[in-house]
$ cat upload13.cif   # mmCIF, C-alpha atoms
data_structure
#
loop_
_atom_site.label_atom_id
_atom_site.label_comp_id
_atom_site.auth_asym_id
_atom_site.auth_seq_id
_atom_site.Cartn_x
_atom_site.Cartn_y
_atom_site.Cartn_z
CA MET A 230 -18.05 18.59 13.83
CA LEU A 231 -15.57 17.20 11.30
CA LEU A 232 -15.63 20.53 9.47
CA ASP A 233 -14.81 22.41 12.69
CA ILE A 234 -11.87 20.10 13.27
CA ALA A 235 -10.81 20.61 9.64
CA ARG A 236 -10.94 24.42 10.04
CA TRP A 237 -8.84 24.19 13.18
CA ILE A 238 -6.26 21.93 11.50
CA GLN A 239 -6.11 24.30 8.55
CA SER A 240 -5.36 27.23 10.86
CA THR A 241 -2.27 25.55 12.36
CA ALA A 242 1.22 26.59 11.28
CA LEU A 243 2.05 22.98 10.28
CA SER A 244 -0.92 22.75 7.93
CA GLU A 245 -0.13 26.14 6.38
CA ALA A 246 3.52 25.20 5.85
CA LEU A 247 2.61 21.83 4.29
CA ALA A 248 -0.10 23.27 2.05
CA GLY A 249 2.32 25.96 0.86
CA SER A 250 5.00 23.45 -0.15
CA ILE A 251 4.92 21.83 -3.60
CA TRP A 252 7.01 18.93 -2.26
CA ALA A 253 4.97 18.02 0.80
CA TYR A 254 2.09 16.23 -0.92
CA PRO A 255 4.13 14.09 -3.37
CA ALA A 256 6.76 13.22 -0.73
CA ILE A 257 4.36 12.35 2.10
CA GLY A 258 1.97 10.59 -0.30
CA ALA A 259 4.91 8.48 -1.53
CA LEU A 260 5.86 7.52 2.05
CA HIS A 261 2.22 6.60 2.78
CA VAL A 262 2.13 4.19 -0.21
CA LEU A 263 5.58 2.89 0.71
CA GLY A 264 4.23 1.96 4.14
CA LEU A 265 1.65 -0.22 2.40
CA ALA A 266 4.39 -1.94 0.38
CA TRP A 267 6.85 -2.40 3.26
CA PHE A 268 4.39 -3.58 5.92
CA GLY A 269 1.69 -5.28 3.82
CA GLY A 270 3.50 -8.59 4.35
CA ALA A 271 3.30 -8.32 8.14
CA VAL A 272 -0.45 -7.54 7.93
CA LEU A 273 -0.97 -10.47 5.55
CA LEU A 274 0.92 -12.87 7.84
CA ALA A 275 -0.97 -11.62 10.91
CA ALA A 276 -4.28 -12.22 9.10
CA LEU A 277 -3.28 -15.69 7.86
CA ARG A 278 -1.91 -16.81 11.24
CA GLY A 279 -4.33 -14.99 13.54
CA ARG A 280 -4.73 -17.73 16.13
CA ASP A 281 -1.16 -18.94 16.42
CA PRO A 282 0.98 -16.49 18.42
CA GLU A 283 4.12 -18.47 17.46
CA ALA A 284 3.49 -18.01 13.73
CA ARG A 285 2.47 -14.35 13.77
CA PRO A 286 4.79 -11.52 12.67
CA ARG A 287 6.84 -9.81 15.38
CA PRO A 288 4.67 -7.06 16.89
CA ILE A 289 7.40 -4.52 16.11
CA MET A 290 6.60 -4.91 12.38
CA LEU A 291 2.90 -4.18 12.94
CA TRP A 292 3.67 -1.24 15.25
CA ALA A 293 6.25 0.20 12.82
CA GLY A 294 3.77 -0.12 9.95
CA ALA A 295 0.96 1.44 11.98
CA ALA A 296 3.26 4.31 13.06
CA MET A 297 4.36 5.01 9.48
CA MET A 298 0.79 4.96 8.14
CA ILE A 299 -0.68 7.05 10.97
CA VAL A 300 2.06 9.71 10.87
CA THR A 301 2.08 10.09 7.07
CA GLY A 302 -1.73 9.79 6.96
CA ALA A 303 -2.16 12.54 9.57
CA LEU A 304 0.22 14.79 7.60
CA LEU A 305 -1.79 14.15 4.40
CA VAL A 306 -4.95 15.17 6.29
CA ALA A 307 -3.13 18.31 7.48
CA ILE A 308 -2.45 19.27 3.84
CA GLU A 309 -6.12 19.04 2.81
CA PRO A 310 -8.27 18.98 5.97
CA GLN A 311 -11.40 20.40 4.33
CA ARG A 312 -11.35 17.86 1.49
CA CYS A 313 -11.02 14.97 3.97
CA ALA A 314 -13.77 16.34 6.23
CA THR A 315 -16.22 16.60 3.35
CA SER A 316 -15.31 13.25 1.76
CA GLN A 317 -17.83 10.44 2.36
CA SER A 318 -15.14 7.98 1.36
CA PHE A 319 -12.77 9.28 4.06
CA ARG A 320 -15.48 8.78 6.70
CA VAL A 321 -15.95 5.21 5.52
CA LYS A 322 -12.18 4.70 5.76
CA LEU A 323 -12.03 5.97 9.36
CA LEU A 324 -15.02 3.79 10.24
CA LEU A 325 -13.39 0.69 8.71
CA LEU A 326 -10.14 1.40 10.60
CA ALA A 327 -12.12 1.79 13.83
CA VAL A 328 -13.84 -1.57 13.16
CA LEU A 329 -10.43 -3.20 12.49
CA VAL A 330 -9.03 -1.91 15.79
CA ALA A 331 -12.16 -2.60 17.86
CA THR A 332 -12.44 -6.22 16.65
CA ILE A 333 -8.78 -7.17 17.31
CA PRO A 334 -9.75 -9.35 20.32
CA LEU A 335 -12.82 -10.81 18.56
CA ARG A 336 -11.57 -11.80 15.10
CA PRO A 337 -9.20 -14.62 16.20
CA LYS A 338 -12.22 -16.35 17.77
CA LEU A 339 -13.74 -16.74 14.29
CA GLY A 340 -11.28 -19.51 13.39
CA ASN A 341 -8.29 -19.18 11.09
CA LYS A 342 -10.04 -19.16 7.72
CA VAL A 343 -12.94 -16.87 8.60
CA ASN A 344 -10.62 -14.54 10.53
CA ALA A 345 -8.25 -14.28 7.56
CA ALA A 346 -11.10 -13.67 5.11
CA VAL A 347 -12.79 -11.02 7.30
CA THR A 348 -9.53 -9.27 8.20
CA LEU A 349 -8.21 -9.13 4.63
CA ALA A 350 -11.61 -8.04 3.28
CA LEU A 351 -11.63 -5.17 5.80
CA TRP A 352 -8.08 -4.13 4.81
CA ALA A 353 -9.01 -4.28 1.10
CA ALA A 354 -12.05 -2.10 1.88
CA VAL A 355 -9.72 0.40 3.63
CA ILE A 356 -7.62 0.59 0.44
CA PHE A 357 -10.76 1.11 -1.68
CA ALA A 358 -12.02 3.86 0.63
CA SER A 359 -8.56 5.49 0.58
CA ARG A 360 -8.52 5.67 -3.21
CA GLY A 361 -12.10 6.91 -3.11
CA THR A 362 -11.06 9.84 -0.89
CA ALA A 363 -9.40 11.43 -3.91
CA PHE A 364 -12.72 11.27 -5.81
CA LEU A 365 -15.72 11.22 -3.44
CA MET B 102 -6.57 8.87 -27.86
CA SER B 103 -7.73 6.52 -25.20
CA ILE B 104 -7.81 2.83 -26.06
CA LEU B 105 -9.89 1.94 -23.01
CA PRO B 106 -12.22 4.82 -22.10
CA LEU B 107 -11.81 4.56 -18.32
CA LYS B 108 -9.78 7.60 -17.31
CA ASN B 109 -12.68 9.73 -16.11
CA SER B 110 -15.04 6.96 -15.02
CA TRP B 111 -15.65 5.38 -11.63
CA ALA B 112 -13.87 2.29 -12.94
CA PHE B 113 -10.45 3.98 -12.82
CA PRO B 114 -10.19 4.50 -9.03
CA VAL B 115 -11.63 1.00 -8.52
CA ILE B 116 -8.87 -0.49 -10.69
CA GLU B 117 -6.31 1.68 -8.87
CA ALA B 118 -7.53 0.27 -5.55
CA VAL B 119 -7.28 -3.31 -6.84
CA HIS B 120 -3.75 -2.50 -8.07
CA LEU B 121 -2.82 -1.18 -4.60
CA CYS B 122 -4.14 -4.40 -2.99
CA GLY B 123 -1.81 -6.27 -5.35
CA VAL B 124 1.10 -4.03 -4.30
CA ALA B 125 0.43 -4.62 -0.61
CA VAL B 126 0.41 -8.39 -1.16
CA LEU B 127 3.24 -8.89 -3.69
CA VAL B 128 5.71 -6.21 -2.54
CA GLY B 129 4.64 -6.73 1.09
CA ALA B 130 5.38 -10.46 0.96
CA THR B 131 8.62 -9.95 -1.03
CA VAL B 132 9.94 -7.35 1.43
CA PHE B 133 8.88 -9.40 4.48
CA VAL B 134 10.59 -12.60 3.27
CA GLY B 135 13.62 -10.58 2.11
CA LEU B 136 14.06 -8.97 5.54
CA ARG B 137 13.79 -12.40 7.20
CA ARG B 138 16.42 -13.80 4.83
CA LEU B 139 18.70 -10.87 5.68
CA GLY B 140 18.55 -12.05 9.28
CA LEU B 141 16.03 -9.57 10.68
CA SER B 142 13.66 -11.07 13.21
CA VAL B 143 10.43 -9.99 11.49
CA ALA B 144 8.86 -13.37 12.36
CA ARG B 145 9.85 -16.58 14.14
CA GLN B 146 9.51 -18.85 11.10
CA PRO B 147 12.48 -19.32 8.77
CA ALA B 148 12.39 -17.42 5.47
CA ASN B 149 11.70 -20.57 3.39
CA GLU B 150 8.61 -21.35 5.45
CA LEU B 151 7.35 -17.76 5.12
CA GLU B 152 7.97 -17.90 1.39
CA ARG B 153 5.97 -21.13 1.07
CA LEU B 154 3.12 -19.61 3.07
CA PHE B 155 3.06 -16.43 0.97
CA LYS B 156 3.54 -18.15 -2.40
CA PRO B 157 -0.11 -18.44 -3.55
CA TRP B 158 -0.70 -14.86 -2.37
CA SER B 159 2.38 -13.48 -4.16
CA HIS B 160 1.39 -15.25 -7.37
CA SER B 161 -2.16 -13.85 -7.15
CA GLY B 162 -0.76 -10.40 -6.36
CA LEU B 163 1.55 -10.55 -9.38
CA ALA B 164 -1.35 -11.64 -11.63
CA ILE B 165 -3.53 -8.78 -10.32
CA LEU B 166 -0.75 -6.25 -10.97
CA PHE B 167 -0.11 -7.55 -14.49
CA ILE B 168 -3.81 -7.22 -15.34
CA THR B 169 -4.69 -3.91 -13.66
CA GLY B 170 -1.39 -2.17 -14.56
CA PRO B 171 -1.72 -2.44 -18.37
CA VAL B 172 -5.47 -1.66 -18.16
CA MET B 173 -4.68 1.67 -16.45
CA LEU B 174 -1.80 2.37 -18.82
CA PHE B 175 -3.90 1.79 -21.94
CA ALA B 176 -6.83 3.73 -20.44
CA ASP B 177 -4.93 6.90 -21.34
CA TRP B 178 -1.85 5.84 -23.23
CA SER B 179 -1.47 9.08 -25.21
CA ARG B 180 -1.14 10.91 -21.90
CA TYR B 181 1.04 8.42 -20.01
CA ARG B 182 3.37 8.15 -23.03
CA HIS B 183 4.73 11.60 -22.16
CA ASN B 184 4.93 10.95 -18.41
CA PRO B 185 8.60 10.54 -17.37
CA ALA B 186 7.62 8.57 -14.24
CA VAL B 187 6.04 5.82 -16.40
CA GLY B 188 9.32 5.17 -18.24
CA MET B 189 11.23 5.29 -14.95
CA LYS B 190 8.86 2.80 -13.34
CA MET B 191 9.10 0.33 -16.23
CA ALA B 192 12.91 0.66 -16.29
CA LEU B 193 13.02 -0.23 -12.57
CA LEU B 194 10.33 -2.90 -12.84
CA ALA B 195 12.31 -5.08 -15.27
CA PRO B 196 15.28 -5.72 -12.91
CA ALA B 197 12.91 -5.89 -9.91
CA LEU B 198 10.98 -8.73 -11.58
CA ILE B 199 14.23 -10.51 -12.47
CA SER B 200 15.32 -10.15 -8.82
CA LEU B 201 12.31 -12.27 -7.77
CA PHE B 202 14.28 -15.20 -9.23
CA ALA B 203 17.72 -14.07 -7.97
CA PRO B 204 19.91 -16.31 -5.77
CA ARG B 205 18.19 -16.51 -2.41
CA ARG B 206 21.12 -16.41 -0.01
CA ASN B 207 23.14 -13.60 -1.56
CA LYS B 208 22.79 -10.63 0.81
CA LEU B 209 23.79 -8.04 -1.76
CA ALA B 210 21.22 -9.41 -4.24
CA LEU B 211 18.55 -9.25 -1.53
CA ILE B 212 19.36 -5.63 -0.64
CA VAL B 213 19.35 -4.69 -4.34
CA SER B 214 16.01 -6.45 -4.79
CA LEU B 215 14.34 -4.69 -1.82
CA SER B 216 15.75 -1.33 -3.01
CA LEU B 217 14.44 -1.96 -6.53
CA TRP B 218 10.92 -2.77 -5.31
CA THR B 219 10.99 0.35 -3.11
CA ALA B 220 12.07 2.43 -6.11
CA VAL B 221 9.34 0.85 -8.30
CA VAL B 222 6.67 1.86 -5.76
CA LEU B 223 8.06 5.41 -5.50
CA ALA B 224 8.24 5.80 -9.31
CA ALA B 225 4.71 4.39 -9.66
CA ARG B 226 3.39 6.83 -7.10
CA ALA B 227 5.19 9.65 -8.96
CA ILE B 228 3.13 8.85 -12.10
CA ALA B 229 0.23 10.71 -10.47
CA ASP B 230 2.50 13.71 -9.68
CA PHE B 231 3.72 13.97 -13.29
CA ASP B 232 0.21 13.41 -14.72
CA ILE B 233 -0.56 16.89 -16.04
#
$ encode --input "upload13.cif" --output "structure tokens"
Amino acid sequence: MLLDIARWIQSTALSEALAGSIWAYPAIGALHVLGLAWFGGAVLLAALRGRDPEARPRPIMLWAGAAMMIVTGALLVAIEPQRCATSQSFRVKLLLLAVLVATIPLRPKLGNKVNAAVTLALWAAVIFASRGTAFL
Amino acid sequence: MSILPLKNSWAFPVIEAVHLCGVAVLVGATVFVGLRRLGLSVARQPANELERLFKPWSHSGLAILFITGPVMLFADWSRYRHNPAVGMKMALLAPALISLFAPRRNKLALIVSLSLWTAVVLAARAIADFDI
């Protein structure tokens, strides 16, 4: 199924244009890493202060970070859809992101310390799986 | 010649991932506190309180970066030596590190600091693009 989606993405004009440009991959890849650097602080604060709505980052920071990562991430997939579809590491990354989103209402119930540890461990695992996508 | 024979082993991407975790924590915390100090409402707490909260994390992040960075560099020094992005990154890193200790309430210094860290990340990312 993932391969079918990859073939469809590859057939789109956007994917063809991006794959044909020597600038697309370095530029979009740079913006994707920059998103990590600019919004990592908001994610860290949200994880450390999960239970206290007064002490959490403004939601706009989390939404802006998510938007930047999803848009640049989707464009990176559009450049190399087949590679992503066949990468075990990329599947693990998507699974970890799904777990992070699905457990948003549950994790604060774990208590501040456990919530912070679980949340940050999941985010670290996402970074490991992301790096792995270039190799596995 | 490779001083640490890691370049083509599984250890290299693992160290890269640890380095990226360090970036997310150190640069993330620095940018977040910097934006708060500039008056942006990124959180309710005042910048000093955010800085105190982030401090142990920033210090750990910095330590992680200073360990994993040189390990990667020396893993294939003969190759990175000729990479223009490496020199650019180091040239930007020096003032960026100094800016961590810059006057806290000077807006211009804050904007310069955030721009420097942004440029360091971009130059670091470019190392892979110039790695032929």
$ interface_residues --input "upload13.cif" --of "chain B" --to "chain A" --cutoff "8 Å" --atoms "all atoms listed in the file" --output "list in words"
Pro114, Val115, Glu117, Ala118, Val119, Leu121, Cys122, Val124, Ala125, Val126, Val128, Gly129, Ala130, Thr131, Val132, Phe133, Ser142, Val143, Ala144, Arg145, Gln146, Thr219, Val222, Leu223, Arg226, Ala227 and Asp230 of chain B
$ resolve_selection --input "upload13.cif" --expression "the PyMOL selection byres ((chain A and resi 231-233) around 8)" --output "list in words"
Met230, Ile234, Ala235, Arg236, Trp237, Gln311, Ala314 and Thr315 of chain A
$ atom_distance --input "upload13.cif" --atom1 "CA of Arg280 (chain A)" --atom2 "CA of Lys338 (chain A)"
7.8 Å
$ resolve_selection --input "upload13.cif" --expression "the PyMOL selection byres ((chain B and resi 209-215) around 7)" --output "ChimeraX atom specification"
/B:132,135,197,200,203,207-208,216-219
$ resolve_selection --input "upload13.cif" --expression "the PyMOL selection byres ((chain B and resi 225) around 9)" --output "ChimeraX atom specification"
/B:186-187,189-191,220-224,226-229
$ write_last_selection --input "upload13.cif" --atoms "C-alpha atoms" --output "mmCIF file, in the frame of the given file"
data_model
loop_
_atom_site.group_PDB
_atom_site.id
_atom_site.type_symbol
_atom_site.label_atom_id
_atom_site.label_comp_id
_atom_site.auth_asym_id
_atom_site.auth_seq_id
_atom_site.Cartn_x
_atom_site.Cartn_y
_atom_site.Cartn_z
ATOM 1 C CA ALA B 186 7.620 8.570 -14.240
ATOM 2 C CA VAL B 187 6.040 5.820 -16.400
ATOM 3 C CA MET B 189 11.230 5.290 -14.950
ATOM 4 C CA LYS B 190 8.860 2.800 -13.340
ATOM 5 C CA MET B 191 9.100 0.330 -16.230
ATOM 6 C CA ALA B 220 12.070 2.430 -6.110
ATOM 7 C CA VAL B 221 9.340 0.850 -8.300
ATOM 8 C CA VAL B 222 6.670 1.860 -5.760
ATOM 9 C CA LEU B 223 8.060 5.410 -5.500
ATOM 10 C CA ALA B 224 8.240 5.800 -9.310
ATOM 11 C CA ARG B 226 3.390 6.830 -7.100
ATOM 12 C CA ALA B 227 5.190 9.650 -8.960
ATOM 13 C CA ILE B 228 3.130 8.850 -12.100
ATOM 14 C CA ALA B 229 0.230 10.710 -10.470
#
$ atom_distance --input "upload13.cif" --atom1 "CA of Val306 (chain A)" --atom2 "CA of Thr332 (chain A)"
24.9 Å
$ atom_distance --input "upload13.cif" --atom1 "CA of Glu245 (chain A)" --atom2 "CA of Leu365 (chain A)"
23.7 Å
$ closest_residue --input "upload13.cif" --among "B:Arg205, B:Leu127, B:Gly188, B:Ile116" --to "Gly162 (chain B)" --atoms "all atoms listed in the file"
B:Leu127
$ axis_aligned_box --input "upload13.cif" --around "region 329-346 of chain A" --padding-each-side "3 Å" --output "JSON"
{"center_x": -11.0, "center_y": -10.7, "center_z": 12.7, "size_x": 11.5, "size_y": 23.6, "size_z": 21.2}
